[in-house]
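Asker: Just so it is clear, I am handing over entry11.txt, which has compact mmCIF, C-alpha atoms.
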# COMPACT_ATOMS: atom_id res chain seq x y z
CA MET A 23 -9.99 3.64 22.27
CA PRO A 24 -6.20 3.88 21.92
CA LEU A 25 -4.32 0.84 23.25
CA ASN A 26 -1.14 0.86 25.33
CA ILE A 27 0.62 -1.67 23.08
CA LYS A 28 4.33 -1.41 22.37
CA VAL A 29 5.74 -1.50 18.86
CA LYS A 30 7.95 -4.47 19.83
CA ASN A 31 4.80 -6.55 20.44
CA VAL A 32 3.49 -5.93 16.92
CA MET A 33 6.51 -5.52 14.67
CA THR A 34 8.05 -8.11 12.37
CA LYS A 35 11.40 -9.00 13.92
CA GLU A 36 13.13 -10.91 11.11
CA VAL A 37 13.90 -8.10 8.67
CA ALA A 38 15.84 -8.50 5.44
CA TYR A 39 18.08 -5.54 4.66
CA ALA A 40 20.64 -4.26 2.15
CA THR A 41 23.99 -2.68 2.94
CA VAL A 42 26.02 0.15 1.43
CA PRO A 43 28.10 0.15 -0.57
CA GLY A 44 25.79 -2.04 -2.61
CA SER A 45 24.27 -2.44 -6.05
CA ARG A 46 20.94 -2.64 -7.80
CA HIS A 47 21.57 -6.32 -8.55
CA GLU A 48 22.09 -7.13 -4.87
CA VAL A 49 18.83 -5.44 -3.90
CA LEU A 50 16.93 -7.24 -6.66
CA GLN A 51 18.24 -10.57 -5.41
CA ILE A 52 17.00 -9.82 -1.90
CA LEU A 53 13.57 -8.75 -3.16
CA LYS A 54 13.18 -11.87 -5.30
CA THR A 55 14.54 -14.29 -2.71
CA LYS A 56 12.47 -12.92 0.18
CA HIS A 57 9.37 -12.18 -1.94
CA ILE A 58 9.20 -8.64 -0.65
CA SER A 59 9.22 -5.25 -2.33
CA GLY A 60 11.51 -3.09 -0.21
CA VAL A 61 14.26 -3.23 2.40
CA PRO A 62 15.98 -0.94 4.89
CA VAL A 63 19.56 0.00 4.01
CA VAL A 64 22.23 -0.41 6.69
CA LYS A 65 25.77 0.94 6.94
CA ASP A 66 28.10 -0.02 9.80
CA GLY A 67 25.10 -1.44 11.63
CA LYS A 68 23.05 1.77 11.38
CA VAL A 69 19.91 2.36 9.30
CA VAL A 70 20.77 4.98 6.69
CA GLY A 71 17.99 4.55 4.13
CA ILE A 72 15.21 2.57 2.52
CA VAL A 73 15.11 1.17 -1.00
CA THR A 74 11.96 -0.19 -2.61
CA ARG A 75 10.90 -1.61 -5.93
CA THR A 76 9.44 1.83 -6.59
CA ASP A 77 12.90 3.39 -6.32
CA LEU A 78 14.32 0.78 -8.70
CA LEU A 79 11.63 1.39 -11.30
CA LYS A 80 11.98 5.17 -11.06
CA ASN A 81 15.70 4.85 -11.79
CA PRO A 82 15.99 1.94 -14.26
CA THR A 83 19.59 2.73 -15.29
CA GLU A 84 21.09 3.56 -11.89
CA GLU A 85 23.24 0.83 -10.30
CA GLN A 86 24.49 2.37 -7.05
CA LEU A 87 22.38 1.64 -3.99
CA ALA A 88 23.50 4.86 -2.29
CA ILE A 89 21.82 6.83 -5.08
CA LEU A 90 18.75 4.60 -5.42
CA MET A 91 17.78 4.59 -1.74
CA THR A 92 15.71 7.15 0.15
CA ARG A 93 17.98 8.62 2.82
CA ASN A 94 17.23 9.34 6.48
CA PRO A 95 14.00 7.33 6.78
CA ILE A 96 11.55 7.93 9.61
CA THR A 97 12.22 5.30 12.30
CA ILE A 98 10.70 4.32 15.63
CA SER A 99 11.81 2.72 18.91
CA PRO A 100 10.58 -0.77 19.88
CA ASP A 101 9.42 0.69 23.20
CA ALA A 102 7.25 3.32 21.52
CA THR A 103 3.50 2.78 21.52
CA ILE A 104 1.42 1.92 18.48
CA GLU A 105 -0.20 5.34 18.95
CA THR A 106 3.19 6.92 18.24
CA ALA A 107 3.63 4.66 15.21
CA ALA A 108 0.21 5.66 13.86
CA ARG A 109 0.99 9.33 14.43
CA LEU A 110 4.33 9.14 12.62
CA MET A 111 2.82 7.29 9.66
CA SER A 112 -0.04 9.79 9.43
CA VAL A 113 2.10 12.92 9.77
CA HIS A 114 4.81 11.79 7.36
CA GLY A 115 2.57 9.95 4.90
CA VAL A 116 4.47 6.65 5.09
CA ARG A 117 3.17 3.11 5.30
CA ARG A 118 5.96 1.49 7.26
CA LEU A 119 8.60 2.34 9.86
CA PRO A 120 11.94 0.62 10.50
CA VAL A 121 12.21 -0.14 14.21
CA VAL A 122 15.56 0.95 15.59
CA GLU A 123 17.17 0.46 19.00
CA ASN A 124 20.47 2.22 19.74
CA GLY A 125 20.73 2.89 16.02
CA VAL A 126 20.44 -0.82 15.15
CA LEU A 127 17.60 -2.25 13.03
CA VAL A 128 15.49 -4.65 15.14
CA GLY A 129 12.20 -4.83 13.22
CA ILE A 130 9.61 -3.23 10.94
CA ILE A 131 6.04 -2.07 11.58
CA THR A 132 3.50 -1.29 8.85
CA VAL A 133 0.03 0.14 8.34
CA THR A 134 -1.16 -3.44 7.88
CA ASP A 135 0.16 -4.36 11.34
CA LEU A 136 -1.78 -1.49 12.90
CA LEU A 137 -4.89 -2.40 10.91
CA GLY A 138 -4.69 -5.89 12.42
CA ILE A 139 -4.69 -4.43 15.94
CA ILE A 140 -7.74 -2.34 15.10
CA ALA A 141 -9.54 -5.32 13.55
CA GLU A 142 -8.96 -7.50 16.61
CA ASN A 143 -10.08 -4.95 19.20
CA GLY A 144 -13.38 -3.26 19.89
CA PHE A 145 -13.06 -0.01 17.99
CA ASP A 146 -16.80 0.49 17.65
CA GLU A 147 -16.80 4.19 16.78
CA SER A 148 -18.43 5.24 13.53
CA ILE A 149 -16.37 5.19 10.37
CA LYS A 150 -17.75 8.61 9.36
CA PRO A 151 -14.78 10.73 10.56
CA TYR A 152 -12.40 8.67 8.42
CA VAL A 153 -14.32 8.80 5.14
CA ALA A 154 -12.77 10.86 2.34
CA PRO A 155 -15.56 12.45 0.26
CA SER A 156 -13.22 13.07 -2.68
CA VAL A 157 -13.06 9.91 -4.79
CA VAL A 158 -12.27 9.14 -8.44
CA SER A 159 -14.85 6.73 -9.80
CA VAL A 160 -15.31 5.26 -13.30
CA TRP A 161 -18.21 3.96 -15.41
CA ASP A 162 -18.29 0.19 -15.76
CA GLU A 163 -18.08 0.45 -19.58
CA THR A 164 -14.95 2.63 -19.55
CA PRO A 165 -12.11 0.97 -21.51
CA LEU A 166 -9.22 -0.26 -19.38
CA PRO A 167 -6.61 2.01 -21.05
CA VAL A 168 -8.74 5.03 -20.15
CA VAL A 169 -9.20 3.79 -16.58
CA GLY A 170 -5.45 3.32 -16.27
CA MET A 171 -4.80 6.87 -17.48
CA ILE A 172 -7.47 8.31 -15.15
CA MET A 173 -5.90 6.54 -12.17
CA LYS A 174 -2.43 7.63 -13.17
CA LEU A 175 -3.38 11.30 -13.64
CA ALA A 176 -5.41 11.34 -10.42
CA ASP A 177 -2.60 9.51 -8.59
CA VAL A 178 -4.98 6.95 -7.07
CA LYS A 179 -4.50 3.23 -6.58
CA ALA A 180 -8.16 2.22 -6.70
CA SER A 181 -11.39 3.49 -8.24
CA PRO A 182 -14.97 2.52 -7.41
CA VAL A 183 -16.92 1.41 -10.49
CA LEU A 184 -20.46 2.68 -11.14
CA ASN A 185 -23.11 1.51 -13.60
CA SER A 186 -25.39 3.72 -15.68
CA GLU A 187 -27.82 3.97 -12.75
CA LEU A 188 -24.97 5.38 -10.60
CA GLU A 189 -24.98 2.29 -8.42
CA LEU A 190 -21.74 0.91 -7.04
CA VAL A 191 -20.98 -2.36 -8.83
CA GLY A 192 -17.31 -2.97 -8.00
CA ILE A 193 -13.85 -1.58 -7.44
CA VAL A 194 -10.76 -1.71 -9.64
CA THR A 195 -7.24 -1.44 -8.27
CA ASP A 196 -3.96 -1.04 -10.08
CA LYS A 197 -3.23 -4.63 -9.07
CA ASP A 198 -6.35 -5.68 -11.00
CA LEU A 199 -5.16 -3.70 -14.02
CA ILE A 200 -1.78 -5.40 -13.87
CA ALA A 201 -3.51 -8.80 -13.82
CA ALA A 202 -5.45 -7.83 -16.96
CA SER A 203 -2.48 -6.29 -18.75
CA VAL A 204 0.16 -7.41 -21.20
CA VAL A 205 3.69 -6.58 -20.07
CA GLU A 206 5.66 -5.83 -23.21
CA ASP A 207 9.16 -6.20 -21.74
CA SER A 208 9.36 -9.55 -19.94
CA LEU A 209 13.01 -9.05 -18.99
CA HIS A 210 12.19 -6.01 -16.84
CA GLN A 211 9.21 -7.79 -15.35
CA SER A 212 11.35 -10.73 -14.25
CA ASP A 213 13.67 -8.37 -12.37
CA ILE A 214 10.93 -7.31 -9.96
CA SER A 215 9.74 -9.33 -6.98
CA ALA A 216 6.08 -10.33 -6.95
CA GLY A 217 5.30 -9.50 -3.33
CA SER A 218 1.70 -9.70 -2.21
CA ASP A 219 -0.37 -8.42 0.67
CA GLU A 220 0.04 -11.80 2.34
CA ASP A 221 3.77 -11.19 2.86
CA ALA A 222 4.73 -10.45 6.45
CA TRP A 223 5.85 -6.92 5.58
CA THR A 224 5.26 -6.18 1.90
CA TRP A 225 5.75 -2.45 1.45
CA GLU A 226 4.64 -1.24 -1.95
CA SER A 227 3.34 -4.60 -3.29
CA MET A 228 2.11 -4.63 -6.90
CA ARG A 229 0.09 -1.45 -6.44
CA ASP A 230 2.92 1.00 -7.03
CA THR A 231 4.30 -1.10 -9.89
CA LEU A 232 1.45 -0.14 -12.23
CA LYS A 233 2.06 3.60 -12.14
CA LEU A 234 5.77 3.10 -12.64
CA TYR A 235 5.35 0.59 -15.43
CA TYR A 236 3.23 3.22 -17.15
CA SER A 237 5.95 5.83 -16.73
CA ILE A 238 8.51 3.63 -18.49
CA SER A 239 6.02 2.27 -21.07
CA ARG A 240 6.30 -1.38 -20.08
CA ILE A 241 2.62 -2.23 -19.78
CA LYS A 242 -0.24 -2.42 -22.26
CA LEU A 243 -3.87 -2.59 -21.17
CA PRO A 244 -6.33 -4.40 -23.47
CA ASP A 245 -9.22 -2.46 -24.97
CA ARG A 246 -11.86 -4.06 -22.76
CA PRO A 247 -14.44 -2.48 -20.41
CA VAL A 248 -13.37 -2.14 -16.81
CA LYS A 249 -16.25 -4.34 -15.62
CA GLU A 250 -14.31 -7.33 -16.99
CA ALA A 251 -11.33 -6.58 -14.74
CA MET A 252 -12.95 -5.16 -11.59
CA ARG A 253 -13.67 -7.13 -8.46
CA ASP A 254 -16.87 -7.11 -6.43
CA ALA A 255 -16.64 -4.30 -3.91
CA PRO A 256 -17.18 -5.18 -0.25
CA ALA A 257 -18.62 -1.71 0.39
CA VAL A 258 -19.45 -0.34 3.81
CA GLY A 259 -22.40 1.84 4.75
CA ILE A 260 -21.98 5.43 5.84
CA ASN A 261 -24.44 4.76 8.64
CA GLY A 262 -23.81 1.84 10.96
CA SER A 263 -20.30 0.76 9.94
CA VAL A 264 -17.69 0.86 12.69
CA VAL A 265 -13.92 1.08 12.54
CA SER A 266 -13.08 -2.51 13.57
CA GLU A 267 -15.54 -3.91 11.03
CA VAL A 268 -13.97 -1.86 8.25
CA ALA A 269 -10.45 -2.93 9.30
CA ARG A 270 -11.49 -6.60 9.17
CA LEU A 271 -13.01 -6.16 5.70
CA MET A 272 -9.86 -4.54 4.42
CA ARG A 273 -7.63 -7.30 5.75
CA ARG A 274 -9.92 -10.07 4.57
CA ASN A 275 -10.11 -8.68 1.03
CA GLY A 276 -6.53 -7.41 0.74
CA LEU A 277 -7.63 -3.83 0.07
CA GLU A 278 -6.11 -0.56 1.22
CA GLN A 279 -9.39 1.23 0.70
CA LEU A 280 -13.11 0.52 0.63
CA PRO A 281 -16.01 2.35 -1.03
CA VAL A 282 -18.55 3.89 1.33
CA ILE A 283 -22.21 3.90 0.25
CA THR A 284 -25.56 5.27 1.31
CA ALA A 285 -28.60 3.11 2.06
CA GLU A 286 -29.58 3.53 -1.62
CA ASN A 287 -26.25 2.01 -2.79
CA ARG A 288 -25.00 5.39 -3.94
CA LEU A 289 -21.31 6.13 -3.59
CA LYS A 290 -20.65 8.46 -0.66
CA GLY A 291 -16.86 8.40 -0.45
CA ILE A 292 -13.93 6.12 0.26
CA VAL A 293 -12.13 5.02 3.40
CA ARG A 294 -8.37 4.31 3.34
CA ASP A 295 -6.41 2.17 5.77
CA SER A 296 -3.93 5.02 6.26
CA ASP A 297 -6.85 7.12 7.55
CA VAL A 298 -8.37 4.35 9.66
CA ILE A 299 -5.19 4.02 11.74
CA ARG A 300 -5.81 7.55 13.01
CA CYS A 301 -8.28 6.00 15.45
CA LEU A 302 -5.22 4.88 17.44
CA ILE A 303 -4.16 8.49 17.99
CA LYS A 304 -5.45 10.23 21.09
CA THR A 305 -7.01 13.61 20.44
Could you render the structure as structure tokens?
Answerer:
Amino acid sequence: MPLNIKVKNVMTKEVAYATVPGSRHEVLQILKTKHISGVPVVKDGKVVGIVTRTDLLKNPTEEQLAILMTRNPITISPDATIETAARLMSVHGVRRLPVVENGVLVGIITVTDLLGIIAENGFDESIKPYVAPSVVSVWDETPLPVVGMIMKLADVKASPVLNSELELVGIVTDKDLIAASVVEDSLHQSDISAGSDEDAWTWESMRDTLKLYYSISRIKLPDRPVKEAMRDAPAVGINGSVVSEVARLMRRNGLEQLPVITAENRLKGIVRDSDVIRCLIKT
């Protein structure tokens, strides 16, 4: 049930941005002050790039914004429909789009914004077409350092947790691992904004920070079983769950993905918000 809603009716209009020429320090100040984790980059009034906390962590010694930023970002018009926004995000694998009018930045729209539209409207189709059967799960007794390495090697941001009876007992995200970890370099930690999913347009949030902290050896996970760090999983059933219900659960629990189970509480797959927004795209 695609909706004829314009991007300008959904987007966040007050957008912080950086300018080039600029520096790492200037971007960090914006991220910390605004409690966000990424900003568009503007030159002479035009959007020329995007820089996120991820970019800063990948390049810890680079100071020039022009080198740190991702150039030529995918943008969208405020008069485009949310269907177009969902299509662009799906095709290009991005979670947010700067909204540009006559080359000028006028807003930002994210996967979370689209998820809110889905949650508030009657998308009562089955969740089955959006379930990914390939999922990396872990045993609830697996030590946290091993879980962290599994998630890093598999390039996933969340893993369902199973007990010895193969029942789903929880889910662990990289944000949960960060909360349980010891950051060994407090100076680097203080340089990074602590954006959360409650921010109006948090881009990477703390999720991407974990993988990048690992890559620069700034985080140490305690030798404890994952069941002490996981959260209870608000799983959805493979039969009976509908798209709007799943979108509401994701927003309510601050999760990008939810485990999908059978009637016997056996893990069937996982559903991601970036897949759910495909319901806005007309076939």
Asker: Expressed in Å to a single decimal, how great is the separation between atom CA of A:Asn124 and atom CA of A:Ser99?
Answerer: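 Distance between the two atoms: 8.7 Å.
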Asker: Would you mind listing what lies within 12 Å of A:Asp295 as a short mmCIF file (atom, residue, chain, number, x, y, z; two decimals) with C-alpha atoms, keeping the file's coordinate frame, with only C-alpha atoms counted and same-chain residues fewer than 5 positions away left out?
Answerer:
data_model
loop_
_atom_site.label_atom_id
_atom_site.label_comp_id
_atom_site.auth_asym_id
_atom_site.auth_seq_id
_atom_site.Cartn_x
_atom_site.Cartn_y
_atom_site.Cartn_z
CA ALA A 108 0.21 5.66 13.86
CA MET A 111 2.82 7.29 9.66
CA SER A 112 -0.04 9.79 9.43
CA GLY A 115 2.57 9.95 4.90
CA VAL A 116 4.47 6.65 5.09
CA ARG A 117 3.17 3.11 5.30
CA THR A 132 3.50 -1.29 8.85
CA VAL A 133 0.03 0.14 8.34
CA THR A 134 -1.16 -3.44 7.88
CA ASP A 135 0.16 -4.36 11.34
CA LEU A 136 -1.78 -1.49 12.90
CA LEU A 137 -4.89 -2.40 10.91
CA GLY A 138 -4.69 -5.89 12.42
CA ILE A 140 -7.74 -2.34 15.10
CA ALA A 141 -9.54 -5.32 13.55
CA ILE A 149 -16.37 5.19 10.37
CA TYR A 152 -12.40 8.67 8.42
CA VAL A 153 -14.32 8.80 5.14
CA ALA A 154 -12.77 10.86 2.34
CA VAL A 265 -13.92 1.08 12.54
CA SER A 266 -13.08 -2.51 13.57
CA VAL A 268 -13.97 -1.86 8.25
CA ALA A 269 -10.45 -2.93 9.30
CA ARG A 270 -11.49 -6.60 9.17
CA LEU A 271 -13.01 -6.16 5.70
CA MET A 272 -9.86 -4.54 4.42
CA ARG A 273 -7.63 -7.30 5.75
CA GLY A 276 -6.53 -7.41 0.74
CA LEU A 277 -7.63 -3.83 0.07
CA GLU A 278 -6.11 -0.56 1.22
CA GLN A 279 -9.39 1.23 0.70
CA LEU A 280 -13.11 0.52 0.63
CA PRO A 281 -16.01 2.35 -1.03
CA ARG A 300 -5.81 7.55 13.01
CA CYS A 301 -8.28 6.00 15.45
#
Asker: I want to know what sits within 8 Å of stretch 179-181 of chain A, based on all atoms listed in the file, with residues of the same chain fewer than 2 positions away left out; could you give that as a ChimeraX atom specification?
Answerer: /A:157-160,173,177,183,193-196,229-230,279
Asker: Just the residues within 10 Å of A:Lys68, please, counting all atoms listed in the file, with nothing from its chain fewer than 6 positions along; format it as a PyMOL selection string.
Answerer: chain A and resi 41+62+122-127
Asker: Restricting the calculation to only C-alpha atoms: of A:Trp161, A:Thr106, A:Leu90, A:Glu286, which residue gets closest to A:Ser186?
Answerer: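 Between A:Trp161, A:Thr106, A:Leu90, A:Glu286, the residue approaching A:Ser186 most closely is A:Trp161.
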Asker: Between atom CA of A:Asp162 and atom CA of A:Ile292, what distance in Å does the model show, to one decimal?
Answerer: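 That distance, rounded to one decimal, is 17.6 Å.
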Asker: From the list A:Arg118, A:Arg274, A:Arg93, A:His47, which residue is nearest A:Gly60 when using all atoms listed in the file?
Answerer: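 Going through A:Arg118, A:Arg274, A:Arg93, A:His47 one by one, the smallest distance to A:Gly60 is for A:Arg118.
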Asker: Could you give me, as number ranges by chain, the residues within 12 Å of A:Val37, counting all atoms listed in the file and dropping anything in the same chain fewer than 3 positions from it?
Answerer: A: 33-34, 40, 52-53, 56, 58, 60-64, 119-122, 126-131, 222-224
Asker: If you count only C-alpha atoms, which residues fall within 9 Å of A:Glu105, apart from same-chain ones fewer than 6 positions away, as a ChimeraX atom specification?
Answerer: /A:24-28,299-304
Asker: Check the smallest atom-to-atom distance from each of A:Pro95, A:Arg294, A:Glu142, A:Ser148 to A:Val178 using only C-alpha atoms, then report the winner.
Answerer: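 Result for the nearest residue to A:Val178: A:Arg294.
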Asker: From the list A:Thr92, A:Thr97, A:Thr103, A:Ser296, which residue is nearest A:Thr74 when using only C-alpha atoms?
Answerer: A:Thr92
Asker: Kindly indicate which residue among A:Lys242, A:Ile260, A:Leu190, A:Asn81 lies nearest to A:Asn287, using all atoms listed in the file for the distances.
Answerer: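 Smallest distance to A:Asn287 is found for A:Leu190.
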Asker: Provide the atom CA of A:Gly144 to atom CA of A:Arg288 distance in Å, to one decimal place.
Answerer: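 Taking atom CA of A:Gly144 as the start and atom CA of A:Arg288 as the end point, the length is 27.9 Å.
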